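Asker: Pasting a structure below so you can have a look.
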Amino acid sequence: MKSKLMSPEPIYQHGTPSKTGVLLINLGTPNAPTAEALRPYLKQFLSDPRVIEVPKWIWWLILHGFILNTRPKKSAEKYAQVWMPEGSPLRVHTERQTKLLFNSLEARTKPAPIVEYAMNIGSPSIAEVLGRMKERGCERILVLPLFPQYAASSTASAMDNIFAELKKMRNLPAVRTVKQYHDHPGYISALAQNVRDYWEKNGRPDKLIMSFHGVPRMTLDKGDPYHCSCQKTGRLLAEALELDADQYQICFQSRFGRAKWLTPYTAVILKQLGKEQTRRVDVICPGFVSDCLETLEEIAIEGKATFIEAGGKEFHYIPCLNERDDWIQALSDITYTHLQGWLELQQSEEETEQSRKLALEMGARE
Ligand SMILES: C=CC1=C(C)c2cc3[nH]c(cc4nc(cc5[nH]c(cc1n2)c(C)c5CCC(=O)O)C(CCC(=O)O)=C4C)c(C)c3C=C
Ligand SMILES: [Fe+2]
Ligand SMILES: [Fe+2]
């Protein structure tokens, strides 16, 4: 009888290679900076109850009656300003990080695990990549979200989609998930070195703004640890840079809709500092490990305009960790720690061949 729940599997073969995989997850990005590409992307993202916690039918009316008719065009214009020749910055950096992480793991462990990335929204989809990893023989998969701070709207949403795909499989791989690494020493030290390197070349500001992606304020009241994780990352970064309390400011950007989000809002702080005629601010976005629309457009372009128009003098945006060696090393260390006990279970090509031969021999004897 055909199962409605589970997709067909290849018949189990003895001697199938037993590999370990690492699946990096990022948020997702449109395929092109056009309204046509933005519409399905925004529809998928904003239909997720982990992201929008408004009663379903009310939200359906707002989303379909208003947002999907206006936002795709406006957002597409913003994406067009930061689009790279190779594509969306978020995808370009995520792809490069995936390759570099594989190189790093290959140098420290033999055989190296398979490393792939998937996007929670859009492509390459979680379904496509998980399917491919299974085909490549991954019996164990470590899921590592590229969100250092856990939030229900980012990390849990991605996990939901992973578990929904796993639910369709008969022969499940073993799965481990990394929740967050907001205070990992390697991540903090890469952030601090990124700032130091920037200051060495460009001098120092009056204030360092640490801008994190916001979430609705009520998620904090309902128990989402995101706000606390961001505060801890910010404090550890300030400590690593030996900053006094008046030399830095943690704030939250990307407010969506009219509800109250985590405060202080980055735009409000930049305007206030501008009005106070602050000579120079530098902004870093520690919650984004890759530059993307939210950093390159919202901060480096819009944020700069807000500060300068209000009376500020000099605005500097410090790029994300992207492909920095120290960040790839930290990512590799985080991965390695969470893979403990699994790498030993991997089979080399020779071992796989041996067990395949043995299985054939045993089959011949039966
Ligand atoms: C860092 C983690 C992120 C959290 C938490 C998060 C929550 C969140 N986001 C929205 C709405 C939008 N976010 C958009 C873009 C976007 N968001 C993140 C990360 C987090 N979001 C990233 C990395 C990006 C950039 C993607 C890219 O292609 O570069 C967008 C789309 C762009 C736009 O139209 O503004 C929306 C919409 C909500 C509502 C939310 C939590 C409730
Ligand atoms: Fe977002
Ligand atoms: Fe934004």
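Within each chain, counting starts at residue 1; across the structure tokens, chains are named A, B, ... in the order shown, with ligands numbered 1 upward in that order.
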Produce a table with one row for each residue of chain A that has an atom at most 8 Å from any atom of ligand 3, each row naming the nearest atom pair and its distance in Å at one decimal; use only C-alpha atoms and all ligand atoms; arrange rows by chain and rising residue number; format as a tab-separated table.
Answerer:
residue	atom	partner	partner_atom_place_in_ligand_line	distance
A:Gln253	CA	ligand 3	1 (Fe)	7.3
A:Ser254	CA	ligand 3	1 (Fe)	4.2
A:Arg255	CA	ligand 3	1 (Fe)	7.1
A:Phe256	CA	ligand 3	1 (Fe)	7.8
A:Leu293	CA	ligand 3	1 (Fe)	6.7
A:Glu294	CA	ligand 3	1 (Fe)	4.7
A:Glu297	CA	ligand 3	1 (Fe)	7.8
A:Glu298	CA	ligand 3	1 (Fe)	5.5
Asker: Tell me, which residues of region 93-225 of chain A carry DSSP alpha helix (DSSP H), written as a PyMOL selection string?
Answerer: chain A and resi 93-108+126-135+157-166+185-202+217-221
Asker: Kindly export the residues of the current selection with C-alpha atoms, as a PDB file, in the first residue's frame.
Answerer:
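After the write, out-v2.pdb holds the following:
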ATOM      1  CA  HIS A  93      28.211  35.079   1.090  1.00  0.00           C
ATOM      2  CA  THR A  94      26.348  31.985   2.320  1.00  0.00           C
ATOM      3  CA  GLU A  95      27.627  29.996  -0.650  1.00  0.00           C
ATOM      4  CA  ARG A  96      31.209  31.145  -0.079  1.00  0.00           C
ATOM      5  CA  GLN A  97      30.989  30.391   3.666  1.00  0.00           C
ATOM      6  CA  THR A  98      29.745  26.876   2.866  1.00  0.00           C
ATOM      7  CA  LYS A  99      32.762  26.162   0.632  1.00  0.00           C
ATOM      8  CA  LEU A 100      35.200  27.664   3.129  1.00  0.00           C
ATOM      9  CA  LEU A 101      33.713  25.682   6.020  1.00  0.00           C
ATOM     10  CA  PHE A 102      34.109  22.490   3.994  1.00  0.00           C
ATOM     11  CA  ASN A 103      37.774  23.361   3.278  1.00  0.00           C
ATOM     12  CA  SER A 104      38.387  23.998   6.961  1.00  0.00           C
ATOM     13  CA  LEU A 105      36.730  20.748   8.063  1.00  0.00           C
ATOM     14  CA  GLU A 106      38.528  18.820   5.334  1.00  0.00           C
ATOM     15  CA  ALA A 107      41.837  20.045   6.737  1.00  0.00           C
ATOM     16  CA  ARG A 108      41.020  18.809  10.254  1.00  0.00           C
ATOM     17  CA  ILE A 126      15.391  22.692   2.673  1.00  0.00           C
ATOM     18  CA  ALA A 127      13.464  19.904   0.871  1.00  0.00           C
ATOM     19  CA  GLU A 128      15.854  19.913  -2.099  1.00  0.00           C
ATOM     20  CA  VAL A 129      19.036  20.008  -0.029  1.00  0.00           C
ATOM     21  CA  LEU A 130      17.963  17.470   2.599  1.00  0.00           C
ATOM     22  CA  GLY A 131      16.949  15.120  -0.229  1.00  0.00           C
ATOM     23  CA  ARG A 132      20.344  15.544  -1.888  1.00  0.00           C
ATOM     24  CA  MET A 133      22.215  14.973   1.386  1.00  0.00           C
ATOM     25  CA  LYS A 134      20.303  11.736   1.909  1.00  0.00           C
ATOM     26  CA  GLU A 135      21.107  10.648  -1.639  1.00  0.00           C
ATOM     27  CA  SER A 157      11.005  28.651  11.787  1.00  0.00           C
ATOM     28  CA  ALA A 158      13.901  26.920   9.991  1.00  0.00           C
ATOM     29  CA  MET A 159      13.724  23.955  12.385  1.00  0.00           C
ATOM     30  CA  ASP A 160       9.963  23.614  11.737  1.00  0.00           C
ATOM     31  CA  ASN A 161      10.659  23.334   8.029  1.00  0.00           C
ATOM     32  CA  ILE A 162      13.432  20.805   8.564  1.00  0.00           C
ATOM     33  CA  PHE A 163      11.275  18.626  10.795  1.00  0.00           C
ATOM     34  CA  ALA A 164       8.384  18.907   8.323  1.00  0.00           C
ATOM     35  CA  GLU A 165      10.671  17.451   5.620  1.00  0.00           C
ATOM     36  CA  LEU A 166      11.998  14.745   7.938  1.00  0.00           C
ATOM     37  CA  PRO A 185      34.461  32.844  22.145  1.00  0.00           C
ATOM     38  CA  GLY A 186      35.496  32.354  18.499  1.00  0.00           C
ATOM     39  CA  TYR A 187      32.465  34.283  17.200  1.00  0.00           C
ATOM     40  CA  ILE A 188      32.980  37.135  19.694  1.00  0.00           C
ATOM     41  CA  SER A 189      36.688  37.299  19.002  1.00  0.00           C
ATOM     42  CA  ALA A 190      36.114  37.403  15.199  1.00  0.00           C
ATOM     43  CA  LEU A 191      33.607  40.252  15.695  1.00  0.00           C
ATOM     44  CA  ALA A 192      36.080  42.156  17.886  1.00  0.00           C
ATOM     45  CA  GLN A 193      38.971  41.640  15.463  1.00  0.00           C
ATOM     46  CA  ASN A 194      36.753  42.785  12.586  1.00  0.00           C
ATOM     47  CA  VAL A 195      36.137  46.072  14.444  1.00  0.00           C
ATOM     48  CA  ARG A 196      39.809  46.473  15.437  1.00  0.00           C
ATOM     49  CA  ASP A 197      40.930  45.871  11.837  1.00  0.00           C
ATOM     50  CA  TYR A 198      38.453  48.497  10.656  1.00  0.00           C
ATOM     51  CA  TRP A 199      39.575  51.039  13.246  1.00  0.00           C
ATOM     52  CA  GLU A 200      43.213  50.436  12.461  1.00  0.00           C
ATOM     53  CA  LYS A 201      42.583  51.491   8.842  1.00  0.00           C
ATOM     54  CA  ASN A 202      39.930  54.157   9.386  1.00  0.00           C
ATOM     55  CA  ARG A 217       8.402  43.286  21.691  1.00  0.00           C
ATOM     56  CA  MET A 218       5.640  40.855  22.743  1.00  0.00           C
ATOM     57  CA  THR A 219       7.879  37.889  21.784  1.00  0.00           C
ATOM     58  CA  LEU A 220      10.193  38.897  24.643  1.00  0.00           C
ATOM     59  CA  ASP A 221       7.234  39.019  27.028  1.00  0.00           C
TER      60      ASP A 221
END
Asker: Please find the residues contacting ligand 2 at a distance of at most 12 Å between atoms, with only C-alpha atoms and all ligand atoms counted, and report them as a ChimeraX atom specification.
Answerer: /A:26-29,42,45-46,50-52,120-121,147,151-155,157,212-216,252-257,287-288,292-295,298
Asker: Please, could you write that set of residues out with N, CA and C atoms as a compact mmCIF listing (two decimals), in the first residue's frame?
Answerer:
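As written to disk, part17.txt reads:
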# COMPACT_ATOMS: atom_id res chain seq x y z
N ASN A 26 20.27 29.43 6.18
CA ASN A 26 20.11 30.88 6.26
C ASN A 26 18.66 31.24 5.95
N LEU A 27 18.34 32.50 6.08
CA LEU A 27 16.94 32.91 5.98
C LEU A 27 16.35 32.71 4.60
N GLY A 28 17.09 33.13 3.58
CA GLY A 28 16.57 33.07 2.22
C GLY A 28 16.48 34.47 1.66
N THR A 29 16.42 34.52 0.34
CA THR A 29 16.52 35.79 -0.35
C THR A 29 15.85 35.63 -1.71
N LEU A 42 8.22 37.05 -0.28
CA LEU A 42 7.55 37.70 0.87
C LEU A 42 6.33 36.90 1.30
N PHE A 45 7.57 33.93 3.37
CA PHE A 45 8.13 34.40 4.65
C PHE A 45 7.02 34.87 5.58
N LEU A 46 6.14 35.70 5.04
CA LEU A 46 5.15 36.37 5.90
C LEU A 46 3.89 35.53 6.11
N ARG A 50 5.32 31.43 12.71
CA ARG A 50 6.46 31.71 13.60
C ARG A 50 6.93 33.15 13.42
N VAL A 51 6.65 33.72 12.24
CA VAL A 51 7.12 35.07 11.94
C VAL A 51 6.03 36.10 12.25
N ILE A 52 4.81 35.78 11.85
CA ILE A 52 3.69 36.71 12.09
C ILE A 52 2.70 36.05 13.05
N ASN A 120 15.81 28.87 4.30
CA ASN A 120 14.51 28.57 4.90
C ASN A 120 13.38 29.04 3.99
N ILE A 121 13.64 30.12 3.26
CA ILE A 121 12.64 30.64 2.32
C ILE A 121 13.29 30.68 0.95
N PHE A 147 22.29 31.93 12.23
CA PHE A 147 21.76 32.98 13.12
C PHE A 147 22.44 32.77 14.47
N ALA A 151 16.05 32.96 17.66
CA ALA A 151 14.73 33.62 17.75
C ALA A 151 13.72 32.65 17.17
N ALA A 152 12.52 32.66 17.68
CA ALA A 152 11.49 31.77 17.13
C ALA A 152 11.27 32.09 15.65
N SER A 153 11.35 33.39 15.29
CA SER A 153 11.05 33.78 13.91
C SER A 153 12.17 33.44 12.93
N SER A 154 13.35 33.16 13.39
CA SER A 154 14.43 32.76 12.47
C SER A 154 14.77 31.28 12.69
N THR A 155 15.40 30.96 13.82
CA THR A 155 15.87 29.58 14.06
C THR A 155 14.72 28.57 14.13
N SER A 157 11.70 28.77 13.07
CA SER A 157 11.00 28.65 11.79
C SER A 157 11.76 27.69 10.86
N PHE A 212 21.12 45.08 15.89
CA PHE A 212 20.61 43.71 15.66
C PHE A 212 19.26 43.79 14.96
N HIS A 213 18.92 42.74 14.21
CA HIS A 213 17.57 42.66 13.62
C HIS A 213 16.56 42.66 14.77
N GLY A 214 15.49 43.42 14.64
CA GLY A 214 14.46 43.44 15.68
C GLY A 214 13.47 42.29 15.55
N VAL A 215 12.66 42.15 16.57
CA VAL A 215 11.49 41.24 16.57
C VAL A 215 10.41 41.94 17.39
N PRO A 216 9.14 41.52 17.25
CA PRO A 216 8.09 42.20 18.04
C PRO A 216 8.39 42.11 19.54
N PHE A 252 18.07 47.98 17.82
CA PHE A 252 17.37 47.01 16.98
C PHE A 252 16.79 47.68 15.74
N GLN A 253 16.99 47.04 14.59
CA GLN A 253 16.58 47.60 13.30
C GLN A 253 15.44 46.80 12.67
N SER A 254 15.10 47.15 11.43
CA SER A 254 14.21 46.37 10.56
C SER A 254 12.80 46.20 11.08
N ARG A 255 12.28 47.19 11.80
CA ARG A 255 10.91 47.07 12.31
C ARG A 255 9.95 46.85 11.15
N PHE A 256 9.01 45.92 11.34
CA PHE A 256 8.04 45.58 10.30
C PHE A 256 6.64 45.76 10.89
N GLY A 257 5.82 46.60 10.29
CA GLY A 257 4.46 46.82 10.79
C GLY A 257 4.42 47.87 11.89
N GLY A 287 24.49 40.46 14.56
CA GLY A 287 23.55 39.34 14.43
C GLY A 287 23.50 38.78 13.01
N PHE A 288 24.07 39.51 12.07
CA PHE A 288 24.09 39.04 10.67
C PHE A 288 25.51 38.58 10.38
N CYS A 292 23.74 41.64 3.79
CA CYS A 292 22.48 41.35 3.10
C CYS A 292 21.72 42.66 2.98
N LEU A 293 20.49 42.56 2.52
CA LEU A 293 19.68 43.77 2.36
C LEU A 293 19.64 44.60 3.65
N GLU A 294 19.47 43.91 4.77
CA GLU A 294 19.27 44.61 6.05
C GLU A 294 20.51 45.39 6.51
N THR A 295 21.68 44.97 6.06
CA THR A 295 22.90 45.68 6.47
C THR A 295 23.32 46.68 5.38
N GLU A 298 19.58 48.93 4.49
CA GLU A 298 18.92 49.58 5.64
C GLU A 298 19.91 50.36 6.52
Asker: Here is a test: counting only C-alpha atoms and all ligand atoms, which residue of A:Phe66, A:Trp342, A:Trp57, A:Tyr79 is nearest to ligand 1?
Answerer: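 The answer is A:Tyr79, which sits nearest to ligand 1.
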Asker: Enter the distance from CA of Thr109 (chain A) to CA of Glu344 (chain A), in Å, rounded to one decimal.
Answerer: 9.5 Å
Asker: What is the CA of Ala267 (chain A) to CA of Gly303 (chain A) distance in Å?
Answerer: 6.4 Å
Asker: Taking only C-alpha atoms and all ligand atoms into account, name the residue in A:Pro72, A:Gly65, A:Gly15, A:Gly203 that is nearest to ligand 1.
Answerer: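 Closest to ligand 1 of all the choices is A:Pro72.
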Asker: Nearest to Tyr226 (chain A) among A:Met119, A:Cys285, A:Leu243, A:Ala156, with distances taken over only C-alpha atoms: which residue is it?
Answerer: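 Answer, going by the shortest atom-to-atom distance: A:Ala156.
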Asker: Using only C-alpha atoms, which of A:Ile334, A:Met84, A:Thr70, A:Pro225 sits nearest Leu144 (chain A)?
Answerer: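 Result for the nearest residue to Leu144 (chain A): A:Ile334.
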Asker: With distances taken over only C-alpha atoms and all ligand atoms, which of A:Pro205, A:Pro264, A:Gly122, A:Gly312 is nearest to ligand 1?
Answerer: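 Closest to ligand 1, using only C-alpha atoms and all ligand atoms: A:Gly122.
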Asker: Find the residues around Met169 (chain A) up to 8 Å (only C-alpha atoms counted), leave out those fewer than 2 positions away in its own chain, and share them as a list in words.
Answerer: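 Contacts, with the query itself left out: Met6, Ser7, Pro8, Glu9, Glu165, Leu166, Lys167, Asn171 and Leu172 of chain A.
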Asker: In terms of the shortest atom-to-atom distance over only C-alpha atoms and all ligand atoms, which of A:Asp183, A:Asp224, A:Asp246, A:Glu276 is closest to ligand 1?
Answerer: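 Among the listed residues, the smallest separation from ligand 1 belongs to A:Asp224.
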Asker: Quick one: residues within 7 Å of Leu321 (chain A), only C-alpha atoms, excluding same-chain residues fewer than 5 positions away - as a compact mmCIF listing (two decimals) with N, CA and C atoms, in the first residue's frame?
Answerer:
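Listed below is the output, out_8.txt:
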# COMPACT_ATOMS: atom_id res chain seq x y z
N LEU A 191 34.31 38.95 15.76
CA LEU A 191 33.61 40.25 15.70
C LEU A 191 34.54 41.38 16.17
N VAL A 289 25.69 37.32 10.02
CA VAL A 289 27.05 36.89 9.73
C VAL A 289 27.39 37.13 8.26
N SER A 290 26.36 37.46 7.47
CA SER A 290 26.60 37.80 6.06
C SER A 290 25.95 39.14 5.77
N TRP A 327 36.37 34.08 11.33
CA TRP A 327 34.96 33.66 11.44
C TRP A 327 34.79 32.22 10.91
Asker: Just to confirm, what's the straight-line distance from CA of Leu262 (chain A) to CA of Tyr150 (chain A) in Å (one decimal)?
Answerer: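 It comes out at 14.8 Å.
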Asker: Find the spatial neighbours of Leu142 (chain A), counting only C-alpha atoms, within a cut-off of 9 Å - ignore same-chain residues fewer than 2 positions away - and output them as a PyMOL selection string.
Answerer: chain A and resi 20-24+140+144+174-178+335+338-339
